[in-house]
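One structure below.
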Amino acid sequence: MTLDQVIWRAGGCHCGAVRFEAALPQMVKAQACNCSLCEKLGFIHIITPESRFRITAGADRLTRYTFNTGVAQHLFCATCGVKSFYRPRSNPDGWSVNARCLDAFQQDGAGALDIRIEPFDGRNWEANAAALAHLSHEPEAQQAS
Ligand SMILES: [Zn+2]
């Protein structure tokens, strides 16, 4: 398996209305953020480029929450309230998928998610956000730079 190889992983909200897929590498790097919102939600971020994410069901069921600068588009299922993914302020050109909402997150054995969760200091967002910017760059652009 090369570094570029990805697996399309499915996931969704609790009631099943909202479904998505994200193309992720074999070993997934994720961030556990301590900002005011993520800490309450337990959201574990997997930031993906635009081309590696797609909503497969329930786009019309999403409700939006914004605060502070209003750049981040916090989307959640209007029925069950689960936030499976959103447009993050750090990466408005891409998506942040909630690792906890991937079907593979709680799976064991074959097909289980190989995930490395690192802390992200979102309480000091201004000082740290730039470190995440590259995560939503398209793969071609990453190779070129
Ligand atoms: Zn739902």
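Convention: chains lettered A, B, ... in structure tokens order; per-chain residue numbering from 1; ligands numbered from 1 as shown.
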
>> Which residues are near region 34-40 of chain A? Cut-off 9 Å, only C-alpha atoms, ignore same chain within fewer than 2 positions. Put them as an MDAnalysis selection string.
In response: chainID A and resid 32 42:44 119:125

Quick one: which chain A residues come within 12 Å of ligand 1, and what is the nearest atom pair for each with the distance in Å to one decimal, counting only C-alpha atoms and all ligand atoms, rows ordered by chain and ascending number, as JSON lines?
```
{"residue": "A:Gly11", "atom": "CA", "partner": "ligand 1", "partner_atom_place_in_ligand_line": "1 (Zn)", "distance": 11.4}
{"residue": "A:Gly12", "atom": "CA", "partner": "ligand 1", "partner_atom_place_in_ligand_line": "1 (Zn)", "distance": 7.7}
{"residue": "A:Cys13", "atom": "CA", "partner": "ligand 1", "partner_atom_place_in_ligand_line": "1 (Zn)", "distance": 4.6}
{"residue": "A:His14", "atom": "CA", "partner": "ligand 1", "partner_atom_place_in_ligand_line": "1 (Zn)", "distance": 4.9}
{"residue": "A:Cys15", "atom": "CA", "partner": "ligand 1", "partner_atom_place_in_ligand_line": "1 (Zn)", "distance": 4.0}
{"residue": "A:Gly16", "atom": "CA", "partner": "ligand 1", "partner_atom_place_in_ligand_line": "1 (Zn)", "distance": 5.3}
{"residue": "A:Ala17", "atom": "CA", "partner": "ligand 1", "partner_atom_place_in_ligand_line": "1 (Zn)", "distance": 4.9}
{"residue": "A:Val18", "atom": "CA", "partner": "ligand 1", "partner_atom_place_in_ligand_line": "1 (Zn)", "distance": 5.7}
{"residue": "A:Arg19", "atom": "CA", "partner": "ligand 1", "partner_atom_place_in_ligand_line": "1 (Zn)", "distance": 8.8}
{"residue": "A:Phe20", "atom": "CA", "partner": "ligand 1", "partner_atom_place_in_ligand_line": "1 (Zn)", "distance": 11.9}
{"residue": "A:Ala57", "atom": "CA", "partner": "ligand 1", "partner_atom_place_in_ligand_line": "1 (Zn)", "distance": 10.6}
{"residue": "A:Gly58", "atom": "CA", "partner": "ligand 1", "partner_atom_place_in_ligand_line": "1 (Zn)", "distance": 8.6}
{"residue": "A:Ala59", "atom": "CA", "partner": "ligand 1", "partner_atom_place_in_ligand_line": "1 (Zn)", "distance": 11.0}
{"residue": "A:Asp60", "atom": "CA", "partner": "ligand 1", "partner_atom_place_in_ligand_line": "1 (Zn)", "distance": 11.5}
{"residue": "A:Arg61", "atom": "CA", "partner": "ligand 1", "partner_atom_place_in_ligand_line": "1 (Zn)", "distance": 8.0}
{"residue": "A:Leu62", "atom": "CA", "partner": "ligand 1", "partner_atom_place_in_ligand_line": "1 (Zn)", "distance": 8.7}
{"residue": "A:Thr63", "atom": "CA", "partner": "ligand 1", "partner_atom_place_in_ligand_line": "1 (Zn)", "distance": 10.6}
{"residue": "A:Leu75", "atom": "CA", "partner": "ligand 1", "partner_atom_place_in_ligand_line": "1 (Zn)", "distance": 11.2}
{"residue": "A:Phe76", "atom": "CA", "partner": "ligand 1", "partner_atom_place_in_ligand_line": "1 (Zn)", "distance": 7.8}
{"residue": "A:Cys77", "atom": "CA", "partner": "ligand 1", "partner_atom_place_in_ligand_line": "1 (Zn)", "distance": 4.6}
{"residue": "A:Ala78", "atom": "CA", "partner": "ligand 1", "partner_atom_place_in_ligand_line": "1 (Zn)", "distance": 6.6}
{"residue": "A:Thr79", "atom": "CA", "partner": "ligand 1", "partner_atom_place_in_ligand_line": "1 (Zn)", "distance": 4.9}
{"residue": "A:Cys80", "atom": "CA", "partner": "ligand 1", "partner_atom_place_in_ligand_line": "1 (Zn)", "distance": 4.0}
{"residue": "A:Gly81", "atom": "CA", "partner": "ligand 1", "partner_atom_place_in_ligand_line": "1 (Zn)", "distance": 6.1}
{"residue": "A:Val82", "atom": "CA", "partner": "ligand 1", "partner_atom_place_in_ligand_line": "1 (Zn)", "distance": 6.0}
{"residue": "A:Lys83", "atom": "CA", "partner": "ligand 1", "partner_atom_place_in_ligand_line": "1 (Zn)", "distance": 8.6}
{"residue": "A:Ser84", "atom": "CA", "partner": "ligand 1", "partner_atom_place_in_ligand_line": "1 (Zn)", "distance": 9.0}
{"residue": "A:Cys101", "atom": "CA", "partner": "ligand 1", "partner_atom_place_in_ligand_line": "1 (Zn)", "distance": 11.0}
```

Selected residues written out, N, CA, C and O atoms, as a short mmCIF file (atom, residue, chain, number, x, y, z; two decimals), in the first residue's frame:
```cif
data_model
loop_
_atom_site.label_atom_id
_atom_site.label_comp_id
_atom_site.auth_asym_id
_atom_site.auth_seq_id
_atom_site.Cartn_x
_atom_site.Cartn_y
_atom_site.Cartn_z
N GLY A 11 -19.95 6.64 7.33
CA GLY A 11 -20.34 6.97 8.68
C GLY A 11 -21.62 7.77 8.66
O GLY A 11 -22.21 8.00 7.60
N GLY A 12 -22.05 8.20 9.84
CA GLY A 12 -23.27 9.00 9.88
C GLY A 12 -23.70 9.34 11.29
O GLY A 12 -23.01 9.05 12.26
N CYS A 13 -24.86 9.96 11.35
CA CYS A 13 -25.42 10.41 12.63
C CYS A 13 -26.06 9.23 13.36
O CYS A 13 -25.99 8.08 12.91
N HIS A 14 -26.72 9.48 14.47
CA HIS A 14 -27.26 8.39 15.28
C HIS A 14 -28.53 7.80 14.70
O HIS A 14 -28.72 6.58 14.68
N CYS A 15 -29.42 8.64 14.17
CA CYS A 15 -30.71 8.14 13.68
C CYS A 15 -30.61 7.57 12.26
O CYS A 15 -31.54 6.90 11.81
N GLY A 16 -29.50 7.84 11.57
CA GLY A 16 -29.29 7.30 10.24
C GLY A 16 -29.74 8.20 9.10
O GLY A 16 -29.58 7.84 7.93
N ALA A 17 -30.29 9.36 9.42
CA ALA A 17 -30.76 10.27 8.37
C ALA A 17 -29.59 10.85 7.57
O ALA A 17 -29.66 10.97 6.35
N VAL A 18 -28.51 11.20 8.27
CA VAL A 18 -27.36 11.83 7.63
C VAL A 18 -26.26 10.78 7.49
O VAL A 18 -25.86 10.15 8.47
N ARG A 19 -25.79 10.59 6.25
CA ARG A 19 -24.71 9.64 5.99
C ARG A 19 -23.64 10.34 5.16
O ARG A 19 -23.92 11.23 4.35
N PHE A 20 -22.41 9.91 5.34
CA PHE A 20 -21.29 10.50 4.60
C PHE A 20 -20.25 9.43 4.32
O PHE A 20 -20.29 8.34 4.92
N ALA A 57 -26.28 10.93 2.15
CA ALA A 57 -27.72 10.99 2.47
C ALA A 57 -27.97 12.08 3.49
O ALA A 57 -27.12 12.37 4.34
N GLY A 58 -29.14 12.70 3.38
CA GLY A 58 -29.61 13.59 4.43
C GLY A 58 -29.05 15.01 4.42
O GLY A 58 -29.15 15.69 5.45
N ALA A 59 -28.52 15.47 3.29
CA ALA A 59 -28.01 16.85 3.25
C ALA A 59 -29.11 17.84 3.63
O ALA A 59 -28.83 18.87 4.25
N ASP A 60 -30.33 17.51 3.28
CA ASP A 60 -31.46 18.41 3.59
C ASP A 60 -31.91 18.30 5.04
O ASP A 60 -32.78 19.04 5.48
N ARG A 61 -31.31 17.39 5.80
CA ARG A 61 -31.67 17.23 7.22
C ARG A 61 -30.70 17.96 8.14
O ARG A 61 -30.86 17.92 9.36
N LEU A 62 -29.69 18.57 7.55
CA LEU A 62 -28.66 19.23 8.36
C LEU A 62 -29.11 20.60 8.84
O LEU A 62 -29.71 21.37 8.09
N THR A 63 -28.80 20.88 10.08
CA THR A 63 -29.02 22.20 10.66
C THR A 63 -27.66 22.79 10.99
O THR A 63 -26.71 22.05 11.23
N LEU A 75 -22.48 21.69 11.49
CA LEU A 75 -23.68 21.05 10.94
C LEU A 75 -24.06 19.86 11.81
O LEU A 75 -23.20 19.10 12.23
N PHE A 76 -25.34 19.74 12.07
CA PHE A 76 -25.79 18.59 12.85
C PHE A 76 -27.15 18.13 12.37
O PHE A 76 -27.90 18.88 11.72
N CYS A 77 -27.46 16.87 12.64
CA CYS A 77 -28.72 16.28 12.20
C CYS A 77 -29.88 16.90 12.95
O CYS A 77 -29.88 16.93 14.19
N ALA A 78 -30.88 17.37 12.24
CA ALA A 78 -32.02 18.03 12.86
C ALA A 78 -32.87 17.06 13.66
O ALA A 78 -33.63 17.46 14.54
N THR A 79 -32.74 15.77 13.37
CA THR A 79 -33.54 14.77 14.09
C THR A 79 -32.85 14.31 15.37
O THR A 79 -33.44 14.38 16.45
N CYS A 80 -31.60 13.86 15.28
CA CYS A 80 -30.95 13.27 16.46
C CYS A 80 -29.91 14.19 17.08
O CYS A 80 -29.41 13.88 18.18
N GLY A 81 -29.54 15.27 16.42
CA GLY A 81 -28.63 16.25 17.01
C GLY A 81 -27.16 15.92 16.89
O GLY A 81 -26.32 16.68 17.36
N VAL A 82 -26.82 14.79 16.24
CA VAL A 82 -25.42 14.40 16.17
C VAL A 82 -24.68 15.19 15.08
O VAL A 82 -25.17 15.35 13.97
N LYS A 83 -23.50 15.66 15.44
CA LYS A 83 -22.63 16.40 14.53
C LYS A 83 -21.60 15.42 13.97
O LYS A 83 -20.62 15.09 14.62
N SER A 84 -21.85 14.93 12.76
CA SER A 84 -20.98 13.91 12.15
C SER A 84 -19.78 14.52 11.43
O SER A 84 -18.76 13.88 11.27
N CYS A 101 -18.06 9.07 14.53
CA CYS A 101 -19.24 8.78 13.70
C CYS A 101 -18.94 7.86 12.53
O CYS A 101 -19.84 7.51 11.77
#
```

>> When you count only C-alpha atoms, which of these residues is closest to Leu135 (chain A): A:Pro92, A:Arg54, A:Gly70, A:Val6?
In response: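 Closest to Leu135 (chain A), using only C-alpha atoms: A:Pro92.
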
>> Could you list, as a ChimeraX atom specification, every residue within 12 Å of Glu118 (chain A), counting only C-alpha atoms and ignoring same-chain residues fewer than 4 positions away?
In response: /A:28-34,44-46

Export of the given selection (C-alpha atoms) as a CSV table (one decimal), in the first residue's frame:
```
chain,number,residue,atom,x,y,z
A,28,VAL,CA,-5.6,7.9,10.2
A,29,LYS,CA,-4.3,10.9,12.2
A,30,ALA,CA,-6.9,12.7,14.2
A,31,GLN,CA,-7.1,15.6,16.7
A,32,ALA,CA,-8.9,15.8,20.0
A,33,CYS,CA,-9.6,19.5,20.4
A,34,ASN,CA,-10.1,21.3,23.8
A,44,ILE,CA,-12.5,13.9,17.3
A,45,HIS,CA,-11.4,15.6,14.1
A,46,ILE,CA,-10.2,13.9,10.9
```

> DSSP says strand (DSSP E) for which residues of region 21-69 of chain A? Put them as a list in words?
Replying inline: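 Taking region 21-69 of chain A and keeping strand (DSSP E) only, one gets Glu21, Ala22, Ala23, Leu24, Pro25, Met27, Val28, Lys29, Ala30, Gln31, Ala32, Cys33, Ile44, His45, Ile46, Ile47, Thr48, Pro49, Phe53, Arg54, Ile55, Thr56, Ala57, Leu62, Thr63, Arg64 and Tyr65 of chain A.
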
What would the file look like if the residues just selected were written as a PDB file, in the first residue's frame with N, CA and C atoms?
```pdb
ATOM      1  N   GLU A  21     -19.318   9.759   3.450  1.00  0.00           N
ATOM      2  CA  GLU A  21     -18.149   8.917   3.209  1.00  0.00           C
ATOM      3  C   GLU A  21     -16.921   9.816   3.140  1.00  0.00           C
ATOM      4  N   ALA A  22     -15.820   9.302   3.675  1.00  0.00           N
ATOM      5  CA  ALA A  22     -14.548  10.029   3.618  1.00  0.00           C
ATOM      6  C   ALA A  22     -13.461   9.071   3.172  1.00  0.00           C
ATOM      7  N   ALA A  23     -12.609   9.535   2.258  1.00  0.00           N
ATOM      8  CA  ALA A  23     -11.482   8.730   1.780  1.00  0.00           C
ATOM      9  C   ALA A  23     -10.311   8.974   2.716  1.00  0.00           C
ATOM     10  N   LEU A  24      -9.950   7.933   3.462  1.00  0.00           N
ATOM     11  CA  LEU A  24      -8.943   8.089   4.510  1.00  0.00           C
ATOM     12  C   LEU A  24      -7.774   7.156   4.273  1.00  0.00           C
ATOM     13  N   PRO A  25      -6.592   7.565   4.701  1.00  0.00           N
ATOM     14  CA  PRO A  25      -5.440   6.662   4.606  1.00  0.00           C
ATOM     15  C   PRO A  25      -5.606   5.473   5.545  1.00  0.00           C
ATOM     16  N   MET A  27      -3.695   4.447   7.961  1.00  0.00           N
ATOM     17  CA  MET A  27      -3.504   4.934   9.328  1.00  0.00           C
ATOM     18  C   MET A  27      -3.985   6.385   9.379  1.00  0.00           C
ATOM     19  N   VAL A  28      -4.979   6.619  10.202  1.00  0.00           N
ATOM     20  CA  VAL A  28      -5.643   7.921  10.240  1.00  0.00           C
ATOM     21  C   VAL A  28      -5.096   8.745  11.401  1.00  0.00           C
ATOM     22  N   LYS A  29      -4.730   9.982  11.104  1.00  0.00           N
ATOM     23  CA  LYS A  29      -4.325  10.904  12.167  1.00  0.00           C
ATOM     24  C   LYS A  29      -5.511  11.794  12.508  1.00  0.00           C
ATOM     25  N   ALA A  30      -5.762  11.960  13.791  1.00  0.00           N
ATOM     26  CA  ALA A  30      -6.915  12.738  14.233  1.00  0.00           C
ATOM     27  C   ALA A  30      -6.519  13.648  15.385  1.00  0.00           C
ATOM     28  N   GLN A  31      -7.353  14.664  15.608  1.00  0.00           N
ATOM     29  CA  GLN A  31      -7.090  15.623  16.673  1.00  0.00           C
ATOM     30  C   GLN A  31      -8.265  15.655  17.655  1.00  0.00           C
ATOM     31  N   ALA A  32      -7.935  15.600  18.924  1.00  0.00           N
ATOM     32  CA  ALA A  32      -8.923  15.830  19.976  1.00  0.00           C
ATOM     33  C   ALA A  32      -8.725  17.263  20.457  1.00  0.00           C
ATOM     34  N   CYS A  33      -9.717  18.108  20.188  1.00  0.00           N
ATOM     35  CA  CYS A  33      -9.597  19.548  20.443  1.00  0.00           C
ATOM     36  C   CYS A  33     -10.215  19.891  21.800  1.00  0.00           C
ATOM     37  N   ILE A  44     -13.873  14.241  17.676  1.00  0.00           N
ATOM     38  CA  ILE A  44     -12.499  13.890  17.288  1.00  0.00           C
ATOM     39  C   ILE A  44     -12.353  14.173  15.800  1.00  0.00           C
ATOM     40  N   HIS A  45     -11.458  15.093  15.469  1.00  0.00           N
ATOM     41  CA  HIS A  45     -11.354  15.622  14.115  1.00  0.00           C
ATOM     42  C   HIS A  45     -10.492  14.776  13.191  1.00  0.00           C
ATOM     43  N   ILE A  46     -11.048  14.447  12.041  1.00  0.00           N
ATOM     44  CA  ILE A  46     -10.245  13.949  10.924  1.00  0.00           C
ATOM     45  C   ILE A  46     -10.472  14.943   9.798  1.00  0.00           C
ATOM     46  N   ILE A  47      -9.466  15.768   9.527  1.00  0.00           N
ATOM     47  CA  ILE A  47      -9.627  16.830   8.534  1.00  0.00           C
ATOM     48  C   ILE A  47      -9.266  16.298   7.153  1.00  0.00           C
ATOM     49  N   THR A  48     -10.173  16.501   6.193  1.00  0.00           N
ATOM     50  CA  THR A  48      -9.994  15.954   4.853  1.00  0.00           C
ATOM     51  C   THR A  48     -10.125  17.043   3.797  1.00  0.00           C
ATOM     52  N   PRO A  49      -9.463  16.861   2.641  1.00  0.00           N
ATOM     53  CA  PRO A  49      -9.693  17.758   1.515  1.00  0.00           C
ATOM     54  C   PRO A  49     -11.129  17.612   0.997  1.00  0.00           C
ATOM     55  N   PHE A  53     -14.315  13.833   0.557  1.00  0.00           N
ATOM     56  CA  PHE A  53     -15.482  13.787   1.426  1.00  0.00           C
ATOM     57  C   PHE A  53     -16.737  13.938   0.582  1.00  0.00           C
ATOM     58  N   ARG A  54     -17.784  13.186   0.927  1.00  0.00           N
ATOM     59  CA  ARG A  54     -19.056  13.373   0.239  1.00  0.00           C
ATOM     60  C   ARG A  54     -20.203  13.024   1.186  1.00  0.00           C
ATOM     61  N   ILE A  55     -21.271  13.806   1.084  1.00  0.00           N
ATOM     62  CA  ILE A  55     -22.497  13.521   1.821  1.00  0.00           C
ATOM     63  C   ILE A  55     -23.303  12.565   0.963  1.00  0.00           C
ATOM     64  N   THR A  56     -23.673  11.416   1.508  1.00  0.00           N
ATOM     65  CA  THR A  56     -24.383  10.413   0.711  1.00  0.00           C
ATOM     66  C   THR A  56     -25.874  10.360   1.019  1.00  0.00           C
ATOM     67  N   ALA A  57     -26.279  10.933   2.149  1.00  0.00           N
ATOM     68  CA  ALA A  57     -27.715  10.989   2.469  1.00  0.00           C
ATOM     69  C   ALA A  57     -27.973  12.082   3.493  1.00  0.00           C
ATOM     70  N   LEU A  62     -29.686  18.575   7.548  1.00  0.00           N
ATOM     71  CA  LEU A  62     -28.660  19.226   8.361  1.00  0.00           C
ATOM     72  C   LEU A  62     -29.109  20.599   8.839  1.00  0.00           C
ATOM     73  N   THR A  63     -28.805  20.880  10.085  1.00  0.00           N
ATOM     74  CA  THR A  63     -29.024  22.198  10.665  1.00  0.00           C
ATOM     75  C   THR A  63     -27.656  22.786  10.990  1.00  0.00           C
ATOM     76  N   ARG A  64     -27.574  24.123  10.966  1.00  0.00           N
ATOM     77  CA  ARG A  64     -26.289  24.800  11.107  1.00  0.00           C
ATOM     78  C   ARG A  64     -26.229  25.605  12.395  1.00  0.00           C
ATOM     79  N   TYR A  65     -25.093  25.539  13.041  1.00  0.00           N
ATOM     80  CA  TYR A  65     -24.840  26.377  14.226  1.00  0.00           C
ATOM     81  C   TYR A  65     -23.544  27.143  13.989  1.00  0.00           C
TER      82      TYR A  65
END
```

> Could you work out how far CA of Asn98 (chain A) lies from CA of Phe67 (chain A), giving the answer in Å with one decimal?
Replying inline: 19.1 Å

>> Which residues are near Gln26 (chain A)? Cut-off 8 Å, only C-alpha atoms, ignore same chain within fewer than 6 positions. Put them as a list of chain:residue names.
In response: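 Once the nearby chain positions are removed, what remains is A:Gln5, A:Val6, A:Ile7, A:Leu113, A:Asp114.
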
Go ahead and write the selection's residues with N, CA and C atoms as a short mmCIF file (atom, residue, chain, number, x, y, z; two decimals), in the first residue's frame.
```
data_model
loop_
_atom_site.label_atom_id
_atom_site.label_comp_id
_atom_site.auth_asym_id
_atom_site.auth_seq_id
_atom_site.Cartn_x
_atom_site.Cartn_y
_atom_site.Cartn_z
N GLN A 5 -2.62 5.77 -1.02
CA GLN A 5 -3.80 4.92 -1.11
C GLN A 5 -4.78 5.22 0.01
N VAL A 6 -6.04 5.33 -0.37
CA VAL A 6 -7.07 5.67 0.61
C VAL A 6 -8.20 4.65 0.56
N ILE A 7 -8.95 4.59 1.63
CA ILE A 7 -10.13 3.72 1.74
C ILE A 7 -11.33 4.62 1.98
N LEU A 113 -10.67 0.70 12.40
CA LEU A 113 -9.98 1.95 12.10
C LEU A 113 -8.65 1.99 12.85
N ASP A 114 -7.55 2.20 12.10
CA ASP A 114 -6.24 2.39 12.71
C ASP A 114 -6.06 3.90 12.89
#
```

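Within chain A, residues classed as alpha helix (DSSP H) by DSSP on backbone coordinates are A:Ser36, A:Leu37, A:Cys38, A:Glu39, A:Lys40, A:Leu41, A:Trp125, A:Glu126, A:Ala127, A:Asn128, A:Pro139, A:Glu140, A:Ala141, A:Gln142, A:Gln143, A:Ala144.
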
Filtering to N, CA, C and O atoms, could you give me those residues as a compact mmCIF listing (two decimals), in the first residue's frame?
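This is the output file selection.txt:
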```txt
# COMPACT_ATOMS: atom_id res chain seq x y z
N SER A 36 -13.99 25.33 23.42
CA SER A 36 -15.23 25.35 24.22
C SER A 36 -16.29 24.42 23.66
O SER A 36 -17.04 23.79 24.41
N LEU A 37 -16.37 24.31 22.33
CA LEU A 37 -17.40 23.47 21.72
C LEU A 37 -16.99 22.00 21.63
O LEU A 37 -17.74 21.11 22.03
N CYS A 38 -15.78 21.75 21.12
CA CYS A 38 -15.34 20.35 20.94
C CYS A 38 -15.26 19.61 22.26
O CYS A 38 -15.53 18.41 22.33
N GLU A 39 -14.87 20.32 23.31
CA GLU A 39 -14.75 19.66 24.60
C GLU A 39 -16.11 19.16 25.08
O GLU A 39 -16.23 18.08 25.64
N LYS A 40 -17.15 19.94 24.83
CA LYS A 40 -18.49 19.51 25.23
C LYS A 40 -18.98 18.34 24.40
O LYS A 40 -19.70 17.47 24.89
N LEU A 41 -18.60 18.32 23.12
CA LEU A 41 -19.11 17.31 22.21
C LEU A 41 -18.29 16.02 22.21
O LEU A 41 -18.79 14.97 21.82
N TRP A 125 -6.58 28.87 19.95
CA TRP A 125 -6.80 28.64 18.53
C TRP A 125 -5.89 29.47 17.64
O TRP A 125 -5.29 28.96 16.70
N GLU A 126 -5.80 30.78 17.93
CA GLU A 126 -5.03 31.70 17.06
C GLU A 126 -3.57 31.25 16.93
O GLU A 126 -2.97 31.38 15.87
N ALA A 127 -3.02 30.71 18.00
CA ALA A 127 -1.61 30.31 17.98
C ALA A 127 -1.40 28.97 17.29
O ALA A 127 -0.28 28.68 16.85
N ASN A 128 -2.44 28.16 17.18
CA ASN A 128 -2.25 26.78 16.74
C ASN A 128 -2.93 26.39 15.43
O ASN A 128 -2.55 25.39 14.82
N PRO A 139 -4.48 16.40 -2.56
CA PRO A 139 -3.24 15.61 -2.67
C PRO A 139 -2.29 16.10 -3.76
O PRO A 139 -1.09 16.13 -3.55
N GLU A 140 -2.83 16.53 -4.91
CA GLU A 140 -1.96 17.01 -6.00
C GLU A 140 -1.18 18.23 -5.53
O GLU A 140 0.01 18.38 -5.78
N ALA A 141 -1.87 19.13 -4.82
CA ALA A 141 -1.22 20.35 -4.35
C ALA A 141 -0.15 20.03 -3.31
O ALA A 141 0.89 20.68 -3.25
N GLN A 142 -0.41 19.01 -2.49
CA GLN A 142 0.57 18.63 -1.47
C GLN A 142 1.85 18.14 -2.12
O GLN A 142 2.94 18.41 -1.65
N GLN A 143 1.69 17.38 -3.24
CA GLN A 143 2.88 16.86 -3.92
C GLN A 143 3.66 17.97 -4.59
O GLN A 143 4.88 17.92 -4.64
N ALA A 144 2.93 18.96 -5.08
CA ALA A 144 3.59 20.04 -5.82
C ALA A 144 4.36 20.96 -4.89
O ALA A 144 5.36 21.57 -5.29
```

> What is the distance between CA of Tyr86 (chain A) and CA of Gln107 (chain A), in Å to one decimal?
Replying inline: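 Taking CA of Tyr86 (chain A) and CA of Gln107 (chain A), their separation equals 23.1 Å.
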
> Please, what distance in Å, to one decimal, runs between CA of Asp103 (chain A) and CA of Leu132 (chain A)?
Replying inline: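 Separation between CA of Asp103 (chain A) and CA of Leu132 (chain A): 24.5 Å.
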
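With distances restricted to only C-alpha atoms, A:Ala72 is the closest residue to Gly94 (chain A) from A:Ala72, A:Ala110, A:Ala130, A:Ile117.
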